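Notes follow the structure.
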Amino acid sequence: MTCQGFPPHYRLHESREFDAVFKTSKYRVSGSKMLLLSVDNHLGYSRLGMVVGKKSVAKSVQRSRIKRAIRESFRTLCNQNTELDVNQVGVDIVIVTRSGVALLDNQRLAHILAKNWLSLSSKVSAR
């Protein structure tokens, strides 16, 4: 992804795409605030889907803030050339938030996401 945007083809849209990740997840990164599930997609680039439920984040303002933070983290990850090669291998990623994630400020949320991307990248590259 060379642009600064987040085009629609980098997103999971349909329920069958989410179901494919949930049913056949090959890579899993679990933390206290979120769960990352991933599966190879053979597209040459990675796509992102998010599940930020009302049970884990009650207020819609907070759900939107968390989604923006996740998208921004994924977008900047894909725009930089670092040891994080999640985008180069092509995987579908679904992030499921857990309770307590709304209590995190943006800086702490970005730190947790960076740690999770690094963990996911090491699992994907070890295949």
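All residue names refer to the structure tokens as shown: chains lettered A, B, ... in order, residues numbered from 1 in each chain, ligands numbered from 1 in order.
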Item to complete: Could you find all residues in chain A that DSSP calls strand (DSSP E or B) from the backbone, and write them as a ChimeraX atom specification?
Response: /A:11,27-30,34-40,47-51,91-97
Discussion item. Could you list, as a list in words, every residue within 9 Å of range 106-114 of chain A, counting only C-alpha atoms and ignoring same-chain residues fewer than 6 positions away?
Written reply: Gly31, Lys33, Met34, Arg65, Ile66, Ala69, Ile70, Ser73, Phe74 and Leu77 of chain A
Discussion item. Can you measure CA of Lys59 in chain A to CA of Thr97 in chain A for me? One decimal in Å is fine.
Written reply: 13.7 Å
Practice prompt. Using DSSP on the backbone coordinates, identify the residues of chain A assigned to alpha helix (DSSP H); present them as a ChimeraX atom specification.
Written response: /A:15-23,60-79,86-89,106-125
Item to complete: Please identify all polymer residues within 7 Å of Leu37 in chain A, counting only C-alpha atoms, omitting same-chain residues fewer than 6 positions from it, and present them as a PyMOL selection string.
Response: chain A and resi 21+25+27-29+93-95
For the selection just defined, write its residues with N, CA and C atoms to a file, as a short mmCIF file (atom, residue, chain, number, x, y, z; two decimals), in the first residue's frame.
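Output below, filename out_39.cif:
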data_model
loop_
_atom_site.label_atom_id
_atom_site.label_comp_id
_atom_site.auth_asym_id
_atom_site.auth_seq_id
_atom_site.Cartn_x
_atom_site.Cartn_y
_atom_site.Cartn_z
N VAL A 21 -11.98 -16.72 8.16
CA VAL A 21 -10.90 -16.49 9.13
C VAL A 21 -11.23 -17.16 10.46
N SER A 25 -8.63 -20.30 11.06
CA SER A 25 -7.51 -19.44 11.44
C SER A 25 -6.24 -20.27 11.63
N TYR A 27 -3.09 -18.58 12.14
CA TYR A 27 -2.24 -17.82 13.06
C TYR A 27 -3.12 -17.15 14.09
N ARG A 28 -2.67 -17.15 15.33
CA ARG A 28 -3.47 -16.60 16.42
C ARG A 28 -2.55 -15.87 17.40
N VAL A 29 -2.93 -14.64 17.71
CA VAL A 29 -2.22 -13.86 18.72
C VAL A 29 -3.26 -13.43 19.74
N ILE A 93 -6.77 -10.78 8.23
CA ILE A 93 -6.64 -10.61 9.67
C ILE A 93 -7.96 -10.11 10.24
N VAL A 94 -8.41 -10.73 11.31
CA VAL A 94 -9.58 -10.26 12.04
C VAL A 94 -9.14 -9.96 13.46
N ILE A 95 -9.44 -8.75 13.92
CA ILE A 95 -9.13 -8.35 15.29
C ILE A 95 -10.44 -8.35 16.06
#
Worksheet item: Which of these, A:Asn41, A:Ser32, A:Ser56, A:Thr76, has the shortest distance to Phe6 in chain A once you count only C-alpha atoms?
Response: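 The closest residue to Phe6 in chain A is A:Thr76.
Nearest residue to Val51 in chain A, choosing from A:Ser122, A:Ser30, A:Asn116, A:Ser64 and counting only C-alpha atoms: A:Ser64.
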Worksheet item: When you draw a straight line from CA of Lys23 in chain A to CA of Ala126 in chain A, how long is it in Å?
Response: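 For CA of Lys23 in chain A relative to CA of Ala126 in chain A, the distance reads 21.3 Å.
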Worksheet item: Using only C-alpha atoms, which of A:Thr24, A:Ser15, A:Ser38, A:Gln62 sits nearest Val96 in chain A?
Response: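 Checking each of A:Thr24, A:Ser15, A:Ser38, A:Gln62 against Val96 in chain A, counting only C-alpha atoms, the winner is A:Ser38.
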Discussion item. Which residue is closest to Val91 in chain A? Choose from A:Lys55, A:Arg71, A:Arg63, A:His42 and count only C-alpha atoms.
Written reply: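 The answer is A:His42, which sits nearest to Val91 in chain A.
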